[in-house]
>>> print(open('work-v5.cif').read())   # mmCIF, C-alpha atoms (C1' of nucleotides)
data_data
#
loop_
_atom_site.label_atom_id
_atom_site.label_comp_id
_atom_site.auth_asym_id
_atom_site.auth_seq_id
_atom_site.Cartn_x
_atom_site.Cartn_y
_atom_site.Cartn_z
CA MET A 6 -69.12 2.63 146.44
CA ASP A 7 -68.96 5.35 149.06
CA GLU A 8 -65.54 6.93 148.99
CA SER A 9 -66.02 8.69 152.30
CA GLU A 10 -66.10 5.54 154.38
CA GLU A 11 -62.99 4.54 156.22
CA PRO A 12 -63.01 0.93 154.99
CA MET A 13 -62.83 2.14 151.38
CA GLN A 14 -59.74 4.15 152.20
CA LEU A 15 -58.14 0.98 153.46
CA VAL A 16 -59.12 -0.95 150.35
CA HIS A 17 -57.49 1.71 148.20
CA LEU A 18 -54.42 1.68 150.39
CA LEU A 19 -54.09 -2.06 149.97
CA ARG A 20 -54.40 -1.77 146.23
CA GLY A 21 -51.94 1.09 146.10
CA LEU A 22 -49.43 -0.87 148.11
CA THR A 23 -49.58 -3.86 145.79
CA VAL A 24 -49.18 -1.57 142.80
CA GLU A 25 -46.08 -0.02 144.35
CA LEU A 26 -44.59 -3.42 145.16
CA ASP A 27 -45.29 -4.67 141.65
CA LEU A 28 -43.66 -1.64 140.10
CA PHE A 29 -40.69 -2.00 142.40
CA GLY A 30 -40.28 -5.61 141.30
CA ALA A 31 -40.76 -4.83 137.64
CA GLU A 32 -38.16 -2.08 137.74
CA PHE A 33 -35.65 -4.23 139.57
CA ALA A 34 -36.24 -7.03 137.07
CA GLY A 35 -35.78 -4.72 134.11
CA ARG A 36 -32.52 -3.37 135.49
CA HIS A 37 -31.13 -6.90 135.79
CA GLY A 38 -32.25 -8.22 132.41
CA LEU A 39 -35.04 -10.28 133.93
CA HIS A 40 -38.72 -10.47 133.13
CA PRO A 41 -41.36 -10.15 135.83
CA THR A 42 -41.98 -13.87 135.55
CA ASP A 43 -38.29 -14.62 136.05
CA LEU A 44 -38.29 -12.60 139.25
CA ARG A 45 -41.39 -14.32 140.56
CA ALA A 46 -39.79 -17.66 139.79
CA LEU A 47 -36.63 -16.63 141.57
CA ILE A 48 -38.57 -15.59 144.66
CA HIS A 49 -40.40 -18.89 144.67
CA LEU A 50 -37.17 -20.84 144.30
CA LEU A 51 -35.41 -18.91 147.04
CA ASP A 52 -38.35 -19.40 149.40
CA ALA A 53 -38.30 -23.12 148.68
CA ALA A 54 -34.56 -23.31 149.13
CA ARG A 55 -34.80 -21.68 152.55
CA ALA A 56 -37.64 -24.03 153.48
CA GLY A 57 -35.61 -26.98 152.26
CA THR A 58 -38.28 -28.00 149.74
CA VAL A 59 -37.46 -29.65 146.43
CA VAL A 60 -38.80 -27.73 143.45
CA THR A 61 -39.38 -29.44 140.11
CA PRO A 62 -40.32 -27.78 136.82
CA GLY A 63 -43.86 -29.05 137.30
CA ARG A 64 -44.25 -27.45 140.73
CA LEU A 65 -42.70 -24.22 139.60
CA GLY A 66 -44.95 -23.97 136.58
CA GLU A 67 -47.99 -24.66 138.72
CA ALA A 68 -47.04 -21.96 141.19
CA LEU A 69 -46.59 -19.42 138.41
CA ARG A 70 -49.56 -20.60 136.38
CA LEU A 71 -47.48 -21.48 133.32
CA ASN A 72 -47.94 -24.54 131.15
CA SER A 73 -45.13 -27.00 130.67
CA ALA A 74 -43.78 -25.40 127.53
CA GLY A 75 -43.63 -21.99 129.13
CA THR A 76 -42.03 -23.47 132.21
CA THR A 77 -39.30 -25.14 130.18
CA GLY A 78 -38.59 -21.82 128.50
CA LEU A 79 -38.45 -20.05 131.85
CA ILE A 80 -36.03 -22.59 133.31
CA ASP A 81 -33.87 -22.40 130.19
CA ARG A 82 -33.69 -18.64 130.68
CA LEU A 83 -32.75 -18.86 134.35
CA GLU A 84 -30.20 -21.57 133.64
CA ARG A 85 -28.66 -19.55 130.83
CA LEU A 86 -28.30 -16.66 133.29
CA GLY A 87 -26.49 -18.98 135.69
CA LEU A 88 -29.11 -18.51 138.41
CA ILE A 89 -30.27 -22.10 138.67
CA ARG A 90 -29.17 -25.61 137.69
CA ARG A 91 -31.12 -28.69 136.55
CA GLU A 92 -30.36 -32.01 138.19
CA ARG A 93 -32.07 -35.36 137.62
CA ASP A 94 -33.65 -36.78 140.75
CA PRO A 95 -31.81 -40.08 141.39
CA ALA A 96 -34.85 -41.55 143.21
CA ASP A 97 -37.46 -40.87 140.53
CA ARG A 98 -35.55 -40.29 137.35
CA ARG A 99 -38.51 -38.76 135.54
CA ARG A 100 -38.08 -35.78 137.80
CA VAL A 101 -35.73 -32.84 137.56
CA ARG A 102 -34.65 -30.89 140.61
CA LEU A 103 -34.11 -27.18 140.32
CA LEU A 104 -31.16 -25.96 142.36
CA VAL A 105 -30.49 -22.29 142.97
CA GLU A 106 -26.92 -21.11 142.47
CA ASP A 107 -25.13 -18.76 144.83
CA GLN A 108 -25.51 -16.00 142.28
CA ALA A 109 -29.28 -16.25 142.65
CA MET A 110 -29.02 -15.85 146.42
CA GLU A 111 -26.99 -12.71 145.92
CA LEU A 112 -29.49 -11.34 143.44
CA GLY A 113 -32.30 -12.05 145.86
CA GLN A 114 -30.37 -10.27 148.56
CA ALA A 115 -29.85 -7.30 146.28
CA PHE A 116 -33.55 -7.24 145.56
CA PHE A 117 -34.95 -7.74 149.02
CA GLY A 118 -32.16 -6.74 151.32
CA ARG A 119 -32.45 -3.00 151.14
CA LEU A 120 -36.23 -2.95 150.90
CA ILE A 121 -36.70 -5.30 153.83
CA ALA A 122 -34.31 -3.29 155.97
CA ASP A 123 -36.28 -0.13 155.21
CA LEU A 124 -39.60 -1.82 155.91
CA VAL A 125 -38.39 -3.21 159.22
CA ALA A 126 -37.01 0.19 160.15
CA ALA A 127 -40.38 1.79 159.44
CA MET A 128 -42.04 -0.82 161.61
CA GLY A 129 -39.87 0.37 164.45
CA ARG A 130 -42.14 3.39 164.76
CA PHE A 131 -44.99 1.09 165.87
CA ASP A 132 -45.27 -0.52 169.29
CA ALA A 133 -45.76 -4.25 169.80
CA GLY A 134 -49.51 -4.01 170.17
CA GLU A 135 -49.85 -2.03 166.96
CA LEU A 136 -47.72 -4.50 165.06
CA ALA A 137 -49.88 -7.32 166.37
CA THR A 138 -52.96 -5.49 165.11
CA ALA A 139 -51.33 -4.95 161.73
CA ARG A 140 -50.52 -8.62 161.53
CA ARG A 141 -54.06 -9.61 162.37
CA PHE A 142 -55.33 -7.19 159.78
CA LEU A 143 -53.04 -8.45 157.02
CA LEU A 144 -53.90 -12.04 157.86
CA ALA A 145 -57.61 -11.27 157.62
CA MET A 146 -57.22 -9.52 154.27
CA THR A 147 -55.03 -12.26 152.83
CA GLU A 148 -57.58 -14.83 153.89
CA VAL A 149 -60.39 -12.93 152.15
CA VAL A 150 -58.45 -12.62 148.89
CA GLY A 151 -57.44 -16.25 149.05
CA ALA A 152 -61.04 -17.30 149.57
CA ALA A 153 -62.19 -15.09 146.70
CA ARG A 154 -59.74 -16.86 144.40
CA GLU A 155 -61.54 -20.15 144.98
CA GLU A 156 -64.65 -18.65 143.34
CA MET B 17 -32.38 -12.62 157.94
CA ASP B 18 -33.86 -13.90 161.18
CA GLU B 19 -37.16 -15.57 160.48
CA SER B 20 -38.19 -15.61 164.10
CA GLU B 21 -38.53 -11.84 164.41
CA GLU B 22 -41.99 -10.40 164.30
CA PRO B 23 -41.15 -7.75 161.68
CA MET B 24 -40.07 -10.46 159.25
CA GLN B 25 -43.42 -12.17 159.65
CA LEU B 26 -45.05 -8.92 158.64
CA VAL B 27 -42.79 -8.53 155.63
CA HIS B 28 -43.73 -11.99 154.45
CA LEU B 29 -47.39 -11.27 155.06
CA LEU B 30 -47.17 -8.16 152.93
CA ARG B 31 -45.51 -10.09 150.13
CA GLY B 32 -47.99 -12.91 150.40
CA LEU B 33 -50.88 -10.51 150.20
CA THR B 34 -49.59 -8.88 147.04
CA VAL B 35 -49.05 -12.30 145.50
CA GLU B 36 -52.64 -13.28 146.30
CA LEU B 37 -54.00 -10.06 144.86
CA ASP B 38 -51.93 -10.44 141.71
CA LEU B 39 -53.11 -13.99 141.20
CA PHE B 40 -56.68 -12.92 141.79
CA GLY B 41 -56.33 -10.24 139.12
CA ALA B 42 -54.57 -12.54 136.70
CA GLU B 43 -57.25 -15.19 137.03
CA PHE B 44 -60.05 -12.70 136.62
CA ALA B 45 -58.32 -11.28 133.55
CA GLY B 46 -57.83 -14.69 132.02
CA ARG B 47 -61.46 -15.60 132.52
CA HIS B 48 -62.54 -12.48 130.65
CA GLY B 49 -60.13 -12.71 127.75
CA LEU B 50 -57.95 -9.91 129.09
CA HIS B 51 -54.22 -9.73 129.68
CA PRO B 52 -52.83 -8.57 133.03
CA THR B 53 -51.84 -5.31 131.38
CA ASP B 54 -55.36 -4.81 130.07
CA LEU B 55 -56.74 -5.16 133.57
CA ARG B 56 -54.22 -2.75 135.00
CA ALA B 57 -55.13 -0.27 132.28
CA LEU B 58 -58.80 -0.71 133.01
CA ILE B 59 -58.26 -0.04 136.70
CA HIS B 60 -56.28 3.07 135.90
CA LEU B 61 -58.96 4.32 133.52
CA LEU B 62 -61.78 3.65 135.97
CA ASP B 63 -59.92 5.44 138.75
CA ALA B 64 -59.38 8.42 136.48
CA ALA B 65 -62.99 8.39 135.36
CA ARG B 66 -64.18 8.52 138.96
CA ALA B 67 -61.72 11.30 139.71
CA GLY B 68 -62.89 13.17 136.61
CA THR B 69 -59.40 13.21 135.10
CA VAL B 70 -58.78 13.12 131.36
CA VAL B 71 -56.58 10.19 130.32
CA THR B 72 -54.64 10.27 127.05
CA PRO B 73 -52.67 7.42 125.49
CA GLY B 74 -49.48 9.13 126.59
CA ARG B 75 -50.54 9.29 130.24
CA LEU B 76 -51.82 5.73 130.23
CA GLY B 77 -48.62 4.39 128.72
CA GLU B 78 -46.58 6.29 131.26
CA ALA B 79 -48.59 4.89 134.15
CA LEU B 80 -48.18 1.34 132.87
CA ARG B 81 -44.57 1.77 131.78
CA LEU B 82 -45.26 1.01 128.12
CA ASN B 83 -43.76 2.78 125.16
CA SER B 84 -45.98 4.47 122.61
CA ALA B 85 -46.18 1.49 120.30
CA GLY B 86 -47.21 -0.82 123.08
CA THR B 87 -49.71 1.72 124.33
CA THR B 88 -51.33 1.99 120.92
CA GLY B 89 -51.64 -1.77 120.80
CA LEU B 90 -53.17 -1.85 124.27
CA ILE B 91 -55.73 0.81 123.40
CA ASP B 92 -56.57 -0.98 120.15
CA ARG B 93 -57.27 -4.11 122.17
CA LEU B 94 -59.48 -2.37 124.71
CA GLU B 95 -61.34 -0.53 121.96
CA ARG B 96 -61.88 -3.76 120.04
CA LEU B 97 -63.38 -5.26 123.20
CA GLY B 98 -65.76 -2.31 123.43
CA LEU B 99 -64.39 -1.24 126.81
CA ILE B 100 -63.11 2.20 125.85
CA ARG B 101 -63.48 4.75 123.04
CA ARG B 102 -61.01 7.15 121.46
CA GLU B 103 -62.05 10.75 120.99
CA ARG B 104 -59.98 13.62 119.63
CA ASP B 105 -59.61 16.47 122.09
CA PRO B 106 -61.29 19.48 120.43
CA ALA B 107 -59.08 21.91 122.37
CA ASP B 108 -55.71 20.40 121.47
CA ARG B 109 -56.31 18.22 118.46
CA ARG B 110 -53.01 16.39 118.80
CA ARG B 111 -54.48 14.72 121.84
CA VAL B 112 -56.79 11.74 122.11
CA ARG B 113 -59.09 11.28 125.06
CA LEU B 114 -59.77 7.79 126.29
CA LEU B 115 -63.38 7.35 127.41
CA VAL B 116 -64.53 4.30 129.32
CA GLU B 117 -67.73 2.67 128.11
CA ASP B 118 -70.49 1.49 130.44
CA GLN B 119 -69.40 -2.06 129.77
CA ALA B 120 -66.04 -1.29 131.34
CA MET B 121 -67.73 0.02 134.48
CA GLU B 122 -69.70 -3.20 134.73
CA LEU B 123 -66.58 -5.27 134.25
CA GLY B 124 -64.83 -3.26 136.96
CA GLN B 125 -67.78 -3.82 139.24
CA ALA B 126 -67.65 -7.55 138.54
CA PHE B 127 -63.97 -7.54 139.37
CA PHE B 128 -63.94 -5.36 142.45
CA GLY B 129 -67.48 -5.50 143.72
CA ARG B 130 -67.47 -8.88 145.36
CA LEU B 131 -63.90 -8.66 146.62
CA ILE B 132 -64.37 -5.20 148.10
CA ALA B 133 -67.56 -6.25 149.85
CA ASP B 134 -65.75 -9.21 151.38
CA LEU B 135 -62.79 -7.07 152.43
CA VAL B 136 -65.02 -4.47 154.04
CA ALA B 137 -66.96 -7.19 155.81
CA ALA B 138 -63.74 -8.62 157.22
CA MET B 139 -62.76 -5.14 158.41
CA GLY B 140 -65.96 -5.13 160.44
CA ARG B 141 -64.25 -7.44 162.88
CA PHE B 142 -61.84 -4.63 163.82
CA ASP B 143 -62.70 -1.62 165.93
CA ALA B 144 -62.10 1.97 164.86
CA GLY B 145 -58.79 2.26 166.67
CA GLU B 146 -57.46 -0.91 165.11
CA LEU B 147 -58.49 0.22 161.64
CA ALA B 148 -56.73 3.52 162.22
CA THR B 149 -53.59 1.62 163.19
CA ALA B 150 -53.87 -0.54 160.08
CA ARG B 151 -54.20 2.55 157.96
CA ARG B 152 -51.15 4.16 159.53
CA PHE B 153 -49.25 0.94 159.00
CA LEU B 154 -50.20 0.59 155.34
CA LEU B 155 -49.38 4.23 154.70
CA ALA B 156 -45.95 3.79 156.26
CA MET B 157 -45.21 0.67 154.20
CA THR B 158 -46.44 2.25 150.97
CA GLU B 159 -44.22 5.23 151.62
CA VAL B 160 -41.17 3.03 152.13
CA VAL B 161 -41.75 1.09 148.91
CA GLY B 162 -42.40 4.29 147.00
CA ALA B 163 -39.18 5.79 148.33
CA ALA B 164 -37.24 2.64 147.44
CA ARG B 165 -38.45 2.93 143.86
CA GLU B 166 -36.69 6.30 143.53
CA GLU B 167 -33.37 4.50 144.09
"C1'" DA C 10 -44.18 31.41 106.95
"C1'" DC C 11 -40.88 28.18 109.30
"C1'" DA C 12 -38.65 25.79 112.49
"C1'" DA C 13 -39.17 23.39 116.90
"C1'" DT C 14 -41.94 20.73 119.86
"C1'" DA C 15 -45.70 17.53 121.14
"C1'" DA C 16 -48.94 13.54 120.70
"C1'" DT C 17 -50.05 9.54 118.48
"C1'" DC C 18 -49.59 5.96 115.25
"C1'" DT C 19 -47.14 2.55 111.76
"C1'" DC C 20 -43.76 -0.89 110.65
"C1'" DG C 21 -40.80 -4.66 111.45
"C1'" DC C 22 -39.03 -7.44 114.89
"C1'" DT C 23 -38.01 -10.22 119.27
"C1'" DG C 24 -39.37 -13.28 122.50
"C1'" DA C 25 -42.69 -15.07 126.32
"C1'" DG C 26 -46.13 -18.26 126.67
"C1'" DC C 27 -49.72 -21.55 124.58
"C1'" DG C 28 -51.57 -26.03 122.51
"C1'" DA C 29 -50.48 -30.36 120.97
"C1'" DG C 30 -47.95 -34.03 121.23
"C1'" DA C 31 -43.40 -36.71 121.61
"C1'" DG C 32 -40.06 -39.04 124.63
"C1'" DA C 33 -38.53 -41.22 128.83
"C1'" DA C 34 -39.19 -43.22 133.29
"C1'" DT C 35 -42.24 -45.36 136.69
"C1'" DA C 36 -46.51 -47.75 138.41
"C1'" DA C 37 -50.39 -50.85 137.80
"C1'" DT C 38 -52.79 -54.90 135.88
"C1'" DC C 39 -53.15 -59.16 134.00
"C1'" DG D 21 -42.64 -60.14 133.63
"C1'" DA D 22 -44.77 -58.19 129.46
"C1'" DT D 23 -48.18 -54.70 128.43
"C1'" DT D 24 -50.82 -50.87 129.34
"C1'" DA D 25 -51.63 -46.66 131.90
"C1'" DT D 26 -49.69 -42.74 134.20
"C1'" DT D 27 -46.40 -39.09 135.34
"C1'" DC D 28 -42.94 -35.70 134.32
"C1'" DT D 29 -40.40 -33.09 131.16
"C1'" DC D 30 -39.23 -31.40 126.77
"C1'" DT D 31 -39.84 -30.13 121.51
"C1'" DC D 32 -42.20 -27.89 117.76
"C1'" DG D 33 -44.86 -24.44 115.62
"C1'" DC D 34 -47.53 -20.59 116.49
"C1'" DT D 35 -49.74 -16.18 118.35
"C1'" DC D 36 -49.45 -11.87 120.02
"C1'" DA D 37 -47.68 -8.25 123.61
"C1'" DG D 38 -44.32 -4.93 123.69
"C1'" DC D 39 -39.91 -2.64 121.84
"C1'" DG D 40 -37.04 0.61 118.79
"C1'" DA D 41 -37.11 3.63 115.12
"C1'" DG D 42 -39.27 6.68 112.59
"C1'" DA D 43 -43.49 8.68 110.06
"C1'" DT D 44 -47.62 11.64 110.58
"C1'" DT D 45 -50.43 15.32 112.14
"C1'" DA D 46 -51.24 19.28 115.20
"C1'" DT D 47 -49.60 23.15 117.91
"C1'" DT D 48 -46.53 26.86 119.54
"C1'" DG D 49 -42.79 30.27 119.23
"C1'" DT D 50 -40.03 33.54 116.46
#
>>> encode(input="work-v5.cif", output="structure tokens")
Amino acid sequence: MDESEEPMQLVHLLRGLTVELDLFGAEFAGRHGLHPTDLRALIHLLDAARAGTVVTPGRLGEALRLNSAGTTGLIDRLERLGLIRRERDPADRRRVRLLVEDQAMELGQAFFGRLIADLVAAMGRFDAGELATARRFLLAMTEVVGAAREE
Amino acid sequence: MDESEEPMQLVHLLRGLTVELDLFGAEFAGRHGLHPTDLRALIHLLDAARAGTVVTPGRLGEALRLNSAGTTGLIDRLERLGLIRRERDPADRRRVRLLVEDQAMELGQAFFGRLIADLVAAMGRFDAGELATARRFLLAMTEVVGAAREE
DNA sequence: ACAATAATCTCGCTGAGCGAGAGAATAATC
DNA sequence: GATTATTCTCTCGCTCAGCGAGATTATTGT
């Protein structure tokens, strides 16, 4: 591993950025009585809600790599905090739908709002062509990591 | 939050990338009988080893946001796995130095090696100017997240 | 010598997540 | 249309990571 090469600098930057984001999330979670897993679940649920997708315990557990027992515990926790609600699916009554409460939206806003505003502001110092390059770069890196995950 | 804006796409890309990297790490850890925290500790120790820095339990715990009891447990685990070794500092004998074993280097190589090679290869499809832009971009984003962590 | 400070470890505990399997609803096969 | 197979969720008992409080050992200042 040659540290002097430019690509290695970029690899370290990528890693450093993910570390910072993780720490940011962990600290936010801690301040609000959540666990890192709870926050990840919340993010997933909010994304799904915005996309209009139905999330069931099974799907949530799969996304977070938890088994069914752990997933039940997670949902119990979030429900106890008043962030989500269980509701039987009337069509297929084996299923349970997970619905996010308004309080969860607000929490998500508190978490992301400020950070996103700051990130977008920082992006303002780049011109359109540079942002396009950054997007291409991030897409390429995401693709590589995704591919590496499939062995 | 307007999804159609280009900056928002970039924010989501950043988040998606960190998620992918986290999952990659978690899956690697699981396959090798490690916990996510163990892997993070290993990365920290390997970085320090390459930089020639002495790592003590106190410093490690601070970096990972663990208290002293949790840190002791973590070090016990890593030592039991033969990845690190404790050694009293002869200068200040209150201190313990954490030394990484060769096996840990190999594990780190197994973890990073392939992924880094793939990432660097993907960077080959960008010219020098584009890579410089990507670096500036990542630096700017890292700075914003870091600043946000300090309230 | 004798506090005061620093670094690490021990003890007891809480709780997240796992494995195994139960319970309830739906789908498939005869 | 009864019986078996399948799907989704939940319960139970357990393990172990990490916490709070405090003990232990080493160093530094007066």
>>> interface_residues(input="work-v5.cif", of="chain A", to="chain C", cutoff="7 Å", atoms="all atoms listed in the file", output="number ranges by chain")
A: 75, 98-99
>>> interface_residues(input="work-v5.cif", of="chain B", to="chain D", cutoff="9 Å", atoms="all atoms listed in the file", output="JSON, numbers by chain")
{"B": [82, 83, 85, 86, 87, 89, 90, 108, 109, 110, 111]}
>>> resolve_selection(input="work-v5.cif", expression="the PyMOL selection byres ((chain B) within 8 of (chain A))", output="number ranges by chain")
B: 23-24, 26-27, 29-30, 32-34, 36-37, 39-40, 43, 131-132, 134-136, 138-139, 146, 149-151, 153-158, 160-162, 164-165
>>> atom_distance(input="work-v5.cif", atom1="atom CA of Glu111 of chain A", atom2="atom CA of Glu92 of chain A")
21.1 Å
>>> atom_distance(input="work-v5.cif", atom1="atom CA of Ile100 of chain B", atom2="atom CA of Thr42 of chain A")
28.3 Å
>>> axis_aligned_box(input="work-v5.cif", around="segment 47-51 of chain B", padding_each_side="3 Å", output="JSON")
{"center_x": -58.4, "center_y": -12.7, "center_z": 130.1, "size_x": 14.3, "size_y": 11.9, "size_z": 10.8}
>>> residues_near_point(input="work-v5.cif", point="(-33.0, -9.7, 135.9)", cutoff="12 Å", atoms="all atoms listed in the file", output="JSON, numbers by chain")
{"A": [30, 31, 32, 33, 34, 35, 36, 37, 38, 39, 40, 41, 42, 43, 44, 45, 46, 47, 48, 82, 83, 85, 86, 87, 88, 108, 109, 112, 113, 115, 116]}
>>> decode(input="work-v5.cif", residues="segment 66-114 of chain B", atoms="C-alpha atoms", output="short mmCIF file (atom, residue, chain, number, x, y, z; two decimals), in the first residue's frame")
data_model
loop_
_atom_site.label_atom_id
_atom_site.label_comp_id
_atom_site.auth_asym_id
_atom_site.auth_seq_id
_atom_site.Cartn_x
_atom_site.Cartn_y
_atom_site.Cartn_z
CA ARG B 66 1.40 2.35 10.37
CA ALA B 67 1.72 5.87 11.74
CA GLY B 68 4.07 4.60 14.45
CA THR B 69 1.81 5.86 17.25
CA VAL B 70 1.56 4.13 20.61
CA VAL B 71 -2.02 3.12 21.46
CA THR B 72 -3.08 2.53 25.07
CA PRO B 73 -6.40 1.16 26.27
CA GLY B 74 -7.39 4.65 27.30
CA ARG B 75 -6.78 6.11 23.85
CA LEU B 76 -8.50 3.23 22.11
CA GLY B 77 -11.57 3.50 24.32
CA GLU B 78 -11.72 7.23 23.71
CA ALA B 79 -11.55 6.77 19.96
CA LEU B 80 -14.35 4.21 20.02
CA ARG B 81 -16.43 6.00 22.64
CA LEU B 82 -16.29 3.15 25.15
CA ASN B 83 -15.83 3.47 28.86
CA SER B 84 -12.93 1.79 30.60
CA ALA B 85 -14.83 -1.38 31.45
CA GLY B 86 -16.00 -1.84 27.90
CA THR B 87 -12.51 -1.12 26.63
CA THR B 88 -11.00 -3.78 28.86
CA GLY B 89 -13.53 -6.26 27.56
CA LEU B 90 -12.77 -5.32 23.98
CA ILE B 91 -9.02 -5.73 24.48
CA ASP B 92 -9.57 -9.06 26.23
CA ARG B 93 -11.50 -10.23 23.19
CA LEU B 94 -8.88 -9.12 20.69
CA GLU B 95 -6.10 -10.63 22.79
CA ARG B 96 -7.98 -13.91 23.09
CA LEU B 97 -8.24 -13.97 19.29
CA GLY B 98 -4.49 -13.49 19.05
CA LEU B 99 -4.84 -10.21 17.18
CA ILE B 100 -3.14 -7.92 19.69
CA ARG B 101 -0.86 -8.15 22.73
CA ARG B 102 -0.69 -6.13 25.93
CA GLU B 103 2.68 -4.86 27.07
CA ARG B 104 3.45 -2.67 30.07
CA ASP B 105 5.14 0.58 29.13
CA PRO B 106 8.58 0.48 30.79
CA ALA B 107 8.74 4.29 30.94
CA ASP B 108 5.39 4.89 32.66
CA ARG B 109 4.39 1.59 34.18
CA ARG B 110 0.79 2.65 34.72
CA ARG B 111 0.39 2.44 30.98
CA VAL B 112 -0.24 -0.55 28.76
CA ARG B 113 0.81 -0.58 25.13
CA LEU B 114 -1.35 -2.38 22.64
#
